[in-house]
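J.: Following this message is one structure expressed as structure tokens.
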Amino acid sequence: MFNKIEIERFRGIKYASIEGFKQINLFFGKNNCGKSSLLESLFLASGLSNPLLPIHVNFMRGYNKARLNDLKLDFYNLESSQPIHIRVENKEKRDLKIRLFEQNQSNISLNADDTNILSNVEEGKYGLKFNFKIDEKCFESQLRFDSANSTDATRIVSKQYVESLRCTYLSPKYDFSASIQGLKNILQNKDEHFIVEGLQLIEPRVKDFIFTDKEMLVDVGLSRRIPVNMMGDGARKIVSLLTAVYDCKDGALLVDEISNGFHYSVMCSLWKVLINAAIRNNTQLFITTHDVDSIKGLRDAALENYKDIVATFKLLKTDDDELKAYHYSLESLDYSINQEIEIR
């Protein structure tokens with residue numbers, strides 16, 4: 001499991017160093033303080049050899065362009081002359097540098113160490129280069145675009161490295177259809193109780209579910225099963241959350257804005273279900289919120305039995321764009337809430 005991350009020059013973060021992660025990690029703070037960028041940094045570090053991840057992250061933000069200037073949006077202050085640098089530690093040390101390269105008539109290669117790879121690249125090409133290390137062993141991958149058509153890309157990955165870490169990122173604009181294959185795996189393994197228990201937070205009458213024509217149908221005691229879509233956003237999101245925990249067994253799940261789609265009254269129960277699911281599947285959770293009810297829900301769910309595996313962090317960005325993380329124990333979090341101290 002990850003226990004530390006260091007970030008340089010990614011999006012609005014000039015620098016950040018956060019340590020003390022546990023199995024369940026909650027980050028809270030004001031809008032635009034860097035919560036999503038922190039999760040995205042963890043996501044990039046979880047797929048070191050995949051140069052498509054920055055593009056996927058932008059897609060999840062609702063931005064689906066990949067022109068040269070669009071790629072610069074990932075770099076601090078749009079300044080791509082210096083690489084994005086992300087380092088994380090778990091049982092191994094992961095070190096990732098992301099560089100932007102551009103090829104034209106007046107600039108055939110970026111620097112000397114590019115010549116072996118880029119000497120035969122046609123003019124007008126641009127893209128991203130991933131230089132990464134696992135415990136000091138070096139690898140490289142690339143994503144190349146033709147400036148005439150930014151929708152076509154060539155991915156070049158290291159054949160010497162195969163990613164073993166499973167990690168999923170659930171953005172606030174999650175796609176429920178992406179959960180379907182995971183749900184089928186859960187049914188095949190006879191683990192459907194895993195989902196049923198979660199759905200019962202929303203609708204206590206839920207008994208089971210099946211699939212037909214790529215549709216999830218839920219038995220709530222009526223004369224026929226109903227589509228899960230008819231149970232609202234909360235039901236679909238809890239299915240997505242629990243399916244992702246299951247899929248990320250022995251890995252990590254990143255969830256941006258946990259409280260979206262849920263009524264405040266279910267937050268404590270939701271946290272208990274998520275914590276138990278994470279423990280059963282040995283999944284590490286990194287979750288963000290700006291909602292005080294989700295913070296209270298975690299406190300109430302974890303204070304008695306799970307405080308040793310839970311860490312909460314308040315994120316603040318300084319005037320010079322350093323992201324600071326202040327660790328709260330559940331006891332101090334409880335005191336802050338009770339004293340109505342502004343923690344968001």
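Here's how to read the names in the structure tokens: chain A, B, ... by the order shown, residue numbers from 1 in each chain, ligand numbers from 1 in the order shown.
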Near Trp271 in chain A, counting only C-alpha atoms, which residues have an atom at most 7 Å away, once you skip same-chain residues fewer than 2 positions from it, shown as an MDAnalysis selection string?

T.: chainID A and resid 267:269 273:275 297:298 301

J.: Which value, in Å to one decimal, gives the distance between CA of Lys324 in chain A and CA of Lys30 in chain A?

T.: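 Interatomic distance, CA of Lys324 in chain A to CA of Lys30 in chain A: 12.6 Å.
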
J.: Counting only C-alpha atoms, which residues of range 172-267 of chain A sit at most 10 Å from some atom of range 55-62 of chain A, and what is each one's closest atom pair with its distance in Å to one decimal, listed by chain and rising residue number, as a Markdown table?

T.:
| residue | atom | partner | partner_atom | distance |
| --- | --- | --- | --- | --- |
| A:Pro172 | CA | A:Met60 | CA | 8.5 |
| A:Lys173 | CA | A:Met60 | CA | 6.9 |
| A:Tyr174 | CA | A:Met60 | CA | 7.9 |
| A:Asp175 | CA | A:Met60 | CA | 9.5 |

J.: Generate a file of the selected residues that holds C-alpha atoms, formatted as a short mmCIF file (atom, residue, chain, number, x, y, z; two decimals), in the first residue's frame.

T.:
data_model
loop_
_atom_site.label_atom_id
_atom_site.label_comp_id
_atom_site.auth_asym_id
_atom_site.auth_seq_id
_atom_site.Cartn_x
_atom_site.Cartn_y
_atom_site.Cartn_z
CA PRO A 172 -17.56 12.70 -9.95
CA LYS A 173 -18.77 12.03 -13.51
CA TYR A 174 -18.47 8.28 -13.16
CA ASP A 175 -19.79 6.03 -15.92
#

J.: For Leu330 in chain A, work out the shell of residues within 6 Å, counting only C-alpha atoms and skipping chain neighbours fewer than 3 positions away, then give it as number ranges by chain.

T.: A: 299, 333-334

J.: Output C-alpha atoms for every residue in the selection just made, as a CSV table (one decimal), in the first residue's frame.

T.:
chain,number,residue,atom,x,y,z
A,299,ARG,CA,-15.7,9.8,12.0
A,333,LEU,CA,-11.5,15.6,13.8
A,334,ASP,CA,-14.3,14.9,16.2

J.: Contacts of range 14-16 of chain A at 12 Å or less, counting only C-alpha atoms, minus same-chain residues fewer than 4 places along, as a PDB file with N, CA and C atoms, in the first residue's frame?

T.:
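Dumped to part-v4.pdb:
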ATOM      1  N   LYS A   4       3.339   7.234   0.983  1.00  0.00           N
ATOM      2  CA  LYS A   4       3.893   8.579   0.798  1.00  0.00           C
ATOM      3  C   LYS A   4       3.815   8.969  -0.671  1.00  0.00           C
ATOM      4  N   ILE A   5       3.621  10.265  -0.934  1.00  0.00           N
ATOM      5  CA  ILE A   5       3.682  10.782  -2.305  1.00  0.00           C
ATOM      6  C   ILE A   5       4.377  12.133  -2.306  1.00  0.00           C
ATOM      7  N   GLU A   6       5.125  12.381  -3.367  1.00  0.00           N
ATOM      8  CA  GLU A   6       5.770  13.678  -3.582  1.00  0.00           C
ATOM      9  C   GLU A   6       5.459  14.115  -5.015  1.00  0.00           C
ATOM     10  N   ILE A   7       5.005  15.346  -5.181  1.00  0.00           N
ATOM     11  CA  ILE A   7       4.542  15.848  -6.479  1.00  0.00           C
ATOM     12  C   ILE A   7       5.264  17.145  -6.803  1.00  0.00           C
ATOM     13  N   GLU A   8       5.729  17.268  -8.046  1.00  0.00           N
ATOM     14  CA  GLU A   8       6.330  18.519  -8.509  1.00  0.00           C
ATOM     15  C   GLU A   8       5.748  18.890  -9.873  1.00  0.00           C
ATOM     16  N   ARG A   9       5.260  20.126  -9.957  1.00  0.00           N
ATOM     17  CA  ARG A   9       4.877  20.754 -11.229  1.00  0.00           C
ATOM     18  C   ARG A   9       3.754  20.012 -11.957  1.00  0.00           C
ATOM     19  N   PHE A  10       2.741  19.621 -11.231  1.00  0.00           N
ATOM     20  CA  PHE A  10       1.581  18.981 -11.856  1.00  0.00           C
ATOM     21  C   PHE A  10       0.352  19.863 -11.678  1.00  0.00           C
ATOM     22  N   CYS A  33      -8.543  23.404  -4.240  1.00  0.00           N
ATOM     23  CA  CYS A  33      -7.345  23.389  -3.389  1.00  0.00           C
ATOM     24  C   CYS A  33      -6.351  22.322  -3.833  1.00  0.00           C
ATOM     25  N   GLY A  34      -6.741  21.447  -4.771  1.00  0.00           N
ATOM     26  CA  GLY A  34      -5.819  20.436  -5.273  1.00  0.00           C
ATOM     27  C   GLY A  34      -6.215  19.005  -4.958  1.00  0.00           C
ATOM     28  N   LYS A  35      -7.431  18.793  -4.468  1.00  0.00           N
ATOM     29  CA  LYS A  35      -7.852  17.433  -4.103  1.00  0.00           C
ATOM     30  C   LYS A  35      -7.843  16.498  -5.314  1.00  0.00           C
ATOM     31  N   SER A  37      -6.322  16.889  -8.198  1.00  0.00           N
ATOM     32  CA  SER A  37      -4.964  16.748  -8.744  1.00  0.00           C
ATOM     33  C   SER A  37      -4.143  15.756  -7.932  1.00  0.00           C
ATOM     34  N   LEU A  38      -4.370  15.705  -6.624  1.00  0.00           N
ATOM     35  CA  LEU A  38      -3.681  14.721  -5.787  1.00  0.00           C
ATOM     36  C   LEU A  38      -4.081  13.308  -6.192  1.00  0.00           C
ATOM     37  N   SER A  41      -2.523  12.402  -9.479  1.00  0.00           N
ATOM     38  CA  SER A  41      -1.103  12.081  -9.332  1.00  0.00           C
ATOM     39  C   SER A  41      -0.923  10.635  -8.890  1.00  0.00           C
ATOM     40  N   ASP A  74      -1.497  20.078 -18.285  1.00  0.00           N
ATOM     41  CA  ASP A  74      -1.114  19.249 -17.145  1.00  0.00           C
ATOM     42  C   ASP A  74       0.120  19.776 -16.427  1.00  0.00           C
ATOM     43  N   PHE A  75       0.835  20.700 -17.054  1.00  0.00           N
ATOM     44  CA  PHE A  75       2.092  21.196 -16.494  1.00  0.00           C
ATOM     45  C   PHE A  75       1.847  22.477 -15.696  1.00  0.00           C
ATOM     46  N   TYR A  76       2.567  22.608 -14.603  1.00  0.00           N
ATOM     47  CA  TYR A  76       2.398  23.767 -13.722  1.00  0.00           C
ATOM     48  C   TYR A  76       2.640  25.066 -14.481  1.00  0.00           C
ATOM     49  N   ASN A  77       1.676  25.984 -14.381  1.00  0.00           N
ATOM     50  CA  ASN A  77       1.734  27.283 -15.066  1.00  0.00           C
ATOM     51  C   ASN A  77       1.867  27.147 -16.582  1.00  0.00           C
ATOM     52  N   LEU A  78       1.439  26.004 -17.127  1.00  0.00           N
ATOM     53  CA  LEU A  78       1.518  25.724 -18.570  1.00  0.00           C
ATOM     54  C   LEU A  78       2.952  25.718 -19.072  1.00  0.00           C
ATOM     55  N   GLU A  79       3.902  25.583 -18.174  1.00  0.00           N
ATOM     56  CA  GLU A  79       5.322  25.624 -18.519  1.00  0.00           C
ATOM     57  C   GLU A  79       5.837  24.194 -18.663  1.00  0.00           C
ATOM     58  N   GLN A  82       9.956  22.070 -17.949  1.00  0.00           N
ATOM     59  CA  GLN A  82      10.337  21.231 -16.823  1.00  0.00           C
ATOM     60  C   GLN A  82       9.332  20.082 -16.696  1.00  0.00           C
ATOM     61  N   PRO A  83       9.795  18.877 -16.376  1.00  0.00           N
ATOM     62  CA  PRO A  83       8.886  17.730 -16.345  1.00  0.00           C
ATOM     63  C   PRO A  83       7.991  17.725 -15.113  1.00  0.00           C
ATOM     64  N   ILE A  84       6.854  17.089 -15.255  1.00  0.00           N
ATOM     65  CA  ILE A  84       6.067  16.690 -14.088  1.00  0.00           C
ATOM     66  C   ILE A  84       6.835  15.573 -13.391  1.00  0.00           C
ATOM     67  N   HIS A  85       6.898  15.626 -12.071  1.00  0.00           N
ATOM     68  CA  HIS A  85       7.662  14.619 -11.332  1.00  0.00           C
ATOM     69  C   HIS A  85       6.811  14.110 -10.171  1.00  0.00           C
ATOM     70  N   ILE A  86       6.557  12.812 -10.150  1.00  0.00           N
ATOM     71  CA  ILE A  86       5.744  12.193  -9.105  1.00  0.00           C
ATOM     72  C   ILE A  86       6.506  11.003  -8.537  1.00  0.00           C
ATOM     73  N   ARG A  87       6.605  10.963  -7.217  1.00  0.00           N
ATOM     74  CA  ARG A  87       7.265   9.850  -6.535  1.00  0.00           C
ATOM     75  C   ARG A  87       6.327   9.303  -5.466  1.00  0.00           C
ATOM     76  N   VAL A  88       6.158   7.989  -5.445  1.00  0.00           N
ATOM     77  CA  VAL A  88       5.356   7.360  -4.402  1.00  0.00           C
ATOM     78  C   VAL A  88       6.131   6.189  -3.824  1.00  0.00           C
ATOM     79  N   LEU A 315      -6.438  19.623   3.195  1.00  0.00           N
ATOM     80  CA  LEU A 315      -5.550  20.147   2.164  1.00  0.00           C
ATOM     81  C   LEU A 315      -5.704  21.655   2.051  1.00  0.00           C
ATOM     82  N   LEU A 316      -4.572  22.337   2.017  1.00  0.00           N
ATOM     83  CA  LEU A 316      -4.534  23.785   1.820  1.00  0.00           C
ATOM     84  C   LEU A 316      -3.442  24.104   0.819  1.00  0.00           C
ATOM     85  N   LYS A 317      -3.696  25.077  -0.044  1.00  0.00           N
ATOM     86  CA  LYS A 317      -2.678  25.511  -0.994  1.00  0.00           C
ATOM     87  C   LYS A 317      -2.135  26.860  -0.552  1.00  0.00           C
ATOM     88  N   THR A 318      -0.806  26.979  -0.498  1.00  0.00           N
ATOM     89  CA  THR A 318      -0.173  28.219  -0.075  1.00  0.00           C
ATOM     90  C   THR A 318      -0.171  29.224  -1.222  1.00  0.00           C
ATOM     91  N   ASP A 319       0.259  30.443  -0.915  1.00  0.00           N
ATOM     92  CA  ASP A 319       0.292  31.496  -1.939  1.00  0.00           C
ATOM     93  C   ASP A 319       1.259  31.169  -3.070  1.00  0.00           C
ATOM     94  N   ASP A 320       2.280  30.363  -2.777  1.00  0.00           N
ATOM     95  CA  ASP A 320       3.226  29.986  -3.835  1.00  0.00           C
ATOM     96  C   ASP A 320       2.918  28.600  -4.406  1.00  0.00           C
ATOM     97  N   ASP A 321       1.665  28.156  -4.252  1.00  0.00           N
ATOM     98  CA  ASP A 321       1.141  26.933  -4.880  1.00  0.00           C
ATOM     99  C   ASP A 321       1.757  25.644  -4.351  1.00  0.00           C
ATOM    100  N   GLU A 322       2.221  25.652  -3.119  1.00  0.00           N
ATOM    101  CA  GLU A 322       2.597  24.400  -2.473  1.00  0.00           C
ATOM    102  C   GLU A 322       1.354  23.816  -1.814  1.00  0.00           C
ATOM    103  N   LEU A 323       1.118  22.527  -2.046  1.00  0.00           N
ATOM    104  CA  LEU A 323      -0.031  21.856  -1.448  1.00  0.00           C
ATOM    105  C   LEU A 323       0.376  21.290  -0.095  1.00  0.00           C
ATOM    106  N   LYS A 324      -0.267  21.773   0.960  1.00  0.00           N
ATOM    107  CA  LYS A 324       0.015  21.326   2.317  1.00  0.00           C
ATOM    108  C   LYS A 324      -1.090  20.376   2.776  1.00  0.00           C
ATOM    109  N   ALA A 325      -0.700  19.326   3.490  1.00  0.00           N
ATOM    110  CA  ALA A 325      -1.660  18.368   4.035  1.00  0.00           C
ATOM    111  C   ALA A 325      -1.484  18.298   5.545  1.00  0.00           C
ATOM    112  N   TYR A 326      -2.553  18.582   6.259  1.00  0.00           N
ATOM    113  CA  TYR A 326      -2.527  18.563   7.721  1.00  0.00           C
ATOM    114  C   TYR A 326      -3.304  17.347   8.208  1.00  0.00           C
TER     115      TYR A 326
END

J.: If you run DSSP on this backbone, which residues of range 87-319 of chain A come out as strand (DSSP E), and could you give them as a tab-separated table (two decimals) with N, CA and C atoms, in the first residue's frame?

T.:
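Printed below is result_3.tsv as written:
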chain	number	residue	atom	x	y	z
A	87	ARG	N	6.60	10.96	-7.22
A	87	ARG	CA	7.27	9.85	-6.54
A	87	ARG	C	6.33	9.30	-5.47
A	88	VAL	N	6.16	7.99	-5.45
A	88	VAL	CA	5.36	7.36	-4.40
A	88	VAL	C	6.13	6.19	-3.82
A	89	GLU	N	5.77	5.84	-2.60
A	89	GLU	CA	6.42	4.71	-1.93
A	89	GLU	C	5.36	3.77	-1.40
A	93	LYS	N	9.65	1.66	-4.53
A	93	LYS	CA	9.71	3.09	-4.81
A	93	LYS	C	9.40	3.32	-6.29
A	94	ARG	N	8.38	4.14	-6.55
A	94	ARG	CA	7.97	4.45	-7.91
A	94	ARG	C	8.31	5.91	-8.20
A	95	ASP	N	8.99	6.14	-9.31
A	95	ASP	CA	9.44	7.49	-9.67
A	95	ASP	C	9.07	7.73	-11.13
A	96	LEU	N	8.28	8.79	-11.38
A	96	LEU	CA	7.77	9.06	-12.73
A	96	LEU	C	8.07	10.50	-13.12
A	97	LYS	N	8.65	10.67	-14.31
A	97	LYS	CA	8.82	11.99	-14.91
A	97	LYS	C	8.09	12.01	-16.25
A	98	ILE	N	7.26	13.03	-16.44
A	98	ILE	CA	6.49	13.18	-17.68
A	98	ILE	C	6.97	14.42	-18.40
A	99	ARG	N	7.45	14.22	-19.63
A	99	ARG	CA	7.96	15.33	-20.44
A	99	ARG	C	7.10	15.49	-21.69
A	100	LEU	N	6.99	16.74	-22.13
A	100	LEU	CA	6.32	17.05	-23.39
A	100	LEU	C	7.39	17.24	-24.46
A	101	PHE	N	7.23	16.60	-25.62
A	101	PHE	CA	8.19	16.82	-26.70
A	101	PHE	C	7.45	17.30	-27.95
A	102	GLU	N	8.16	18.05	-28.76
A	102	GLU	CA	7.62	18.59	-30.01
A	102	GLU	C	8.69	18.51	-31.07
A	125	LYS	N	5.51	16.16	-35.27
A	125	LYS	CA	5.08	15.24	-34.23
A	125	LYS	C	5.22	15.91	-32.86
A	126	TYR	N	4.37	15.48	-31.94
A	126	TYR	CA	4.50	15.92	-30.55
A	126	TYR	C	3.93	14.82	-29.66
A	127	GLY	N	4.16	14.93	-28.38
A	127	GLY	CA	3.63	13.90	-27.50
A	127	GLY	C	4.19	13.97	-26.10
A	128	LEU	N	3.99	12.89	-25.36
A	128	LEU	CA	4.43	12.77	-23.98
A	128	LEU	C	5.42	11.63	-23.85
A	129	LYS	N	6.43	11.85	-23.05
A	129	LYS	CA	7.40	10.80	-22.77
A	129	LYS	C	7.40	10.52	-21.28
A	130	PHE	N	7.22	9.25	-20.93
A	130	PHE	CA	7.25	8.80	-19.54
A	130	PHE	C	8.61	8.16	-19.27
A	131	ASN	N	9.38	8.75	-18.38
A	131	ASN	CA	10.58	8.11	-17.85
A	131	ASN	C	10.26	7.68	-16.42
A	132	PHE	N	10.36	6.40	-16.15
A	132	PHE	CA	9.97	5.94	-14.81
A	132	PHE	C	10.94	4.90	-14.28
A	133	LYS	N	10.97	4.84	-12.95
A	133	LYS	CA	11.86	3.91	-12.26
A	133	LYS	C	11.07	3.14	-11.21
A	134	ILE	N	11.40	1.87	-11.10
A	134	ILE	CA	10.91	1.04	-10.00
A	134	ILE	C	12.12	0.56	-9.24
A	137	LYS	N	15.34	0.86	-11.14
A	137	LYS	CA	15.42	0.24	-12.46
A	137	LYS	C	14.63	1.09	-13.43
A	138	CYS	N	15.26	1.51	-14.54
A	138	CYS	CA	14.69	2.54	-15.43
A	138	CYS	C	13.94	1.94	-16.62
A	139	PHE	N	12.85	2.62	-16.99
A	139	PHE	CA	12.04	2.24	-18.14
A	139	PHE	C	11.55	3.51	-18.84
A	140	GLU	N	10.97	3.33	-20.04
A	140	GLU	CA	10.45	4.48	-20.78
A	140	GLU	C	9.27	4.07	-21.64
A	141	SER	N	8.32	4.98	-21.80
A	141	SER	CA	7.22	4.79	-22.74
A	141	SER	C	6.87	6.15	-23.34
A	142	GLN	N	6.15	6.13	-24.47
A	142	GLN	CA	5.83	7.38	-25.16
A	142	GLN	C	4.42	7.34	-25.74
A	143	LEU	N	3.88	8.53	-25.93
A	143	LEU	CA	2.64	8.72	-26.68
A	143	LEU	C	2.91	9.79	-27.72
A	144	ARG	N	2.75	9.45	-29.01
A	144	ARG	CA	3.08	10.38	-30.10
A	144	ARG	C	1.83	10.74	-30.89
A	145	PHE	N	1.70	12.02	-31.19
A	145	PHE	CA	0.60	12.53	-32.00
A	145	PHE	C	1.16	13.15	-33.27
A	146	ASP	N	0.35	13.12	-34.33
A	146	ASP	CA	0.63	13.86	-35.54
A	146	ASP	C	-0.11	15.18	-35.43
A	149	ASN	N	-3.45	15.63	-37.02
A	149	ASN	CA	-4.62	14.88	-36.55
A	149	ASN	C	-4.39	14.44	-35.12
A	150	SER	N	-4.90	15.21	-34.17
A	150	SER	CA	-4.65	14.92	-32.76
A	150	SER	C	-5.51	13.78	-32.23
A	151	THR	N	-6.37	13.21	-33.09
A	151	THR	CA	-7.19	12.08	-32.64
A	151	THR	C	-6.48	10.75	-32.84
A	152	ASP	N	-5.40	10.75	-33.62
A	152	ASP	CA	-4.63	9.53	-33.85
A	152	ASP	C	-3.34	9.60	-33.05
A	153	ALA	N	-3.09	8.58	-32.28
A	153	ALA	CA	-1.88	8.56	-31.45
A	153	ALA	C	-1.22	7.19	-31.54
A	154	THR	N	0.09	7.20	-31.40
A	154	THR	CA	0.87	5.97	-31.35
A	154	THR	C	1.43	5.81	-29.95
A	155	ARG	N	1.16	4.67	-29.36
A	155	ARG	CA	1.66	4.42	-28.01
A	155	ARG	C	2.82	3.45	-28.09
A	156	ILE	N	3.92	3.80	-27.48
A	156	ILE	CA	5.12	2.96	-27.44
A	156	ILE	C	5.41	2.67	-25.97
A	167	CYS	N	-5.48	-0.41	-10.06
A	167	CYS	CA	-5.94	0.88	-9.53
A	167	CYS	C	-7.07	1.41	-10.42
A	168	THR	N	-8.11	1.92	-9.79
A	168	THR	CA	-9.24	2.52	-10.50
A	168	THR	C	-9.50	3.92	-9.96
A	169	TYR	N	-9.83	4.83	-10.88
A	169	TYR	CA	-10.17	6.21	-10.51
A	169	TYR	C	-11.64	6.44	-10.83
A	170	LEU	N	-12.43	6.78	-9.82
A	170	LEU	CA	-13.83	7.13	-10.02
A	170	LEU	C	-13.98	8.63	-9.88
A	208	ASP	N	-31.82	-9.30	-4.26
A	208	ASP	CA	-30.76	-9.77	-5.15
A	208	ASP	C	-30.79	-8.95	-6.43
A	209	PHE	N	-29.94	-9.32	-7.39
A	209	PHE	CA	-29.94	-8.67	-8.70
A	209	PHE	C	-29.48	-9.65	-9.75
A	210	ILE	N	-29.86	-9.39	-10.99
A	210	ILE	CA	-29.43	-10.20	-12.12
A	210	ILE	C	-29.07	-9.27	-13.28
A	211	PHE	N	-28.53	-9.86	-14.36
A	211	PHE	CA	-28.25	-9.12	-15.59
A	211	PHE	C	-29.06	-9.69	-16.73
A	212	THR	N	-29.56	-8.80	-17.58
A	212	THR	CA	-30.21	-9.21	-18.82
A	212	THR	C	-30.04	-8.09	-19.83
A	215	GLU	N	-28.26	-5.01	-18.72
A	215	GLU	CA	-28.99	-4.18	-17.78
A	215	GLU	C	-29.03	-4.87	-16.42
A	216	MET	N	-28.78	-4.10	-15.36
A	216	MET	CA	-28.83	-4.63	-14.01
A	216	MET	C	-30.26	-4.49	-13.48
A	217	LEU	N	-30.87	-5.62	-13.13
A	217	LEU	CA	-32.24	-5.63	-12.61
A	217	LEU	C	-32.21	-6.06	-11.15
A	218	VAL	N	-32.92	-5.33	-10.31
A	218	VAL	CA	-32.86	-5.52	-8.86
A	218	VAL	C	-34.22	-5.99	-8.34
A	219	ASP	N	-34.18	-6.99	-7.44
A	219	ASP	CA	-35.39	-7.48	-6.79
A	219	ASP	C	-35.61	-6.71	-5.50
A	226	ILE	N	-36.69	-4.45	-11.04
A	226	ILE	CA	-36.65	-3.12	-11.65
A	226	ILE	C	-35.21	-2.76	-12.01
A	227	PRO	N	-35.02	-1.94	-13.06
A	227	PRO	CA	-33.66	-1.50	-13.41
A	227	PRO	C	-33.06	-0.69	-12.27
A	252	ALA	N	-5.50	-0.28	-5.29
A	252	ALA	CA	-5.94	1.01	-4.77
A	252	ALA	C	-7.15	1.51	-5.55
A	253	LEU	N	-8.06	2.17	-4.83
A	253	LEU	CA	-9.23	2.81	-5.43
A	253	LEU	C	-9.20	4.29	-5.08
A	254	LEU	N	-9.36	5.14	-6.10
A	254	LEU	CA	-9.36	6.59	-5.93
A	254	LEU	C	-10.76	7.11	-6.24
A	255	VAL	N	-11.36	7.83	-5.30
A	255	VAL	CA	-12.73	8.31	-5.45
A	255	VAL	C	-12.77	9.81	-5.22
A	284	GLN	N	-6.69	-0.37	-0.85
A	284	GLN	CA	-6.41	0.92	-0.23
A	284	GLN	C	-7.30	1.98	-0.87
A	285	LEU	N	-7.94	2.81	-0.04
A	285	LEU	CA	-8.86	3.83	-0.53
A	285	LEU	C	-8.27	5.22	-0.35
A	286	PHE	N	-8.37	6.03	-1.42
A	286	PHE	CA	-8.03	7.45	-1.37
A	286	PHE	C	-9.26	8.21	-1.84
A	287	ILE	N	-9.85	8.99	-0.96
A	287	ILE	CA	-11.16	9.58	-1.21
A	287	ILE	C	-11.14	11.06	-0.88
A	288	THR	N	-11.81	11.88	-1.70
A	288	THR	CA	-11.87	13.32	-1.43
A	288	THR	C	-13.31	13.74	-1.16
A	289	THR	N	-13.43	14.87	-0.45
A	289	THR	CA	-14.74	15.48	-0.22
A	289	THR	C	-14.55	16.94	0.17
A	310	VAL	N	-7.43	4.33	9.48
A	310	VAL	CA	-8.01	5.50	8.83
A	310	VAL	C	-7.12	6.72	9.05
A	311	ALA	N	-6.89	7.48	7.97
A	311	ALA	CA	-6.16	8.75	8.06
A	311	ALA	C	-6.98	9.82	7.35
A	312	THR	N	-7.07	11.00	7.95
A	312	THR	CA	-7.78	12.12	7.33
A	312	THR	C	-6.84	13.30	7.22
A	313	PHE	N	-6.93	14.01	6.10
A	313	PHE	CA	-6.02	15.11	5.81
A	313	PHE	C	-6.80	16.33	5.33
A	314	LYS	N	-6.50	17.47	5.91
A	314	LYS	CA	-7.02	18.73	5.39
A	314	LYS	C	-6.00	19.30	4.41
A	315	LEU	N	-6.44	19.62	3.19
A	315	LEU	CA	-5.55	20.15	2.16
A	315	LEU	C	-5.70	21.66	2.05
A	316	LEU	N	-4.57	22.34	2.02
A	316	LEU	CA	-4.53	23.79	1.82
A	316	LEU	C	-3.44	24.10	0.82
A	317	LYS	N	-3.70	25.08	-0.04
A	317	LYS	CA	-2.68	25.51	-0.99
A	317	LYS	C	-2.14	26.86	-0.55

J.: If you run DSSP over the backbone, which residues in range 14-160 of chain A end up alpha helix (DSSP H)? Put them as a ChimeraX atom specification.

T.: /A:35-46,53-60,68-71,115-118

J.: For Gly182 in chain A, find every residue with an atom within 7 Å (counting only C-alpha atoms), except residues of its own chain fewer than 4 positions away, and show them as a VMD selection string.

T.: chain A and resid 186 243 247
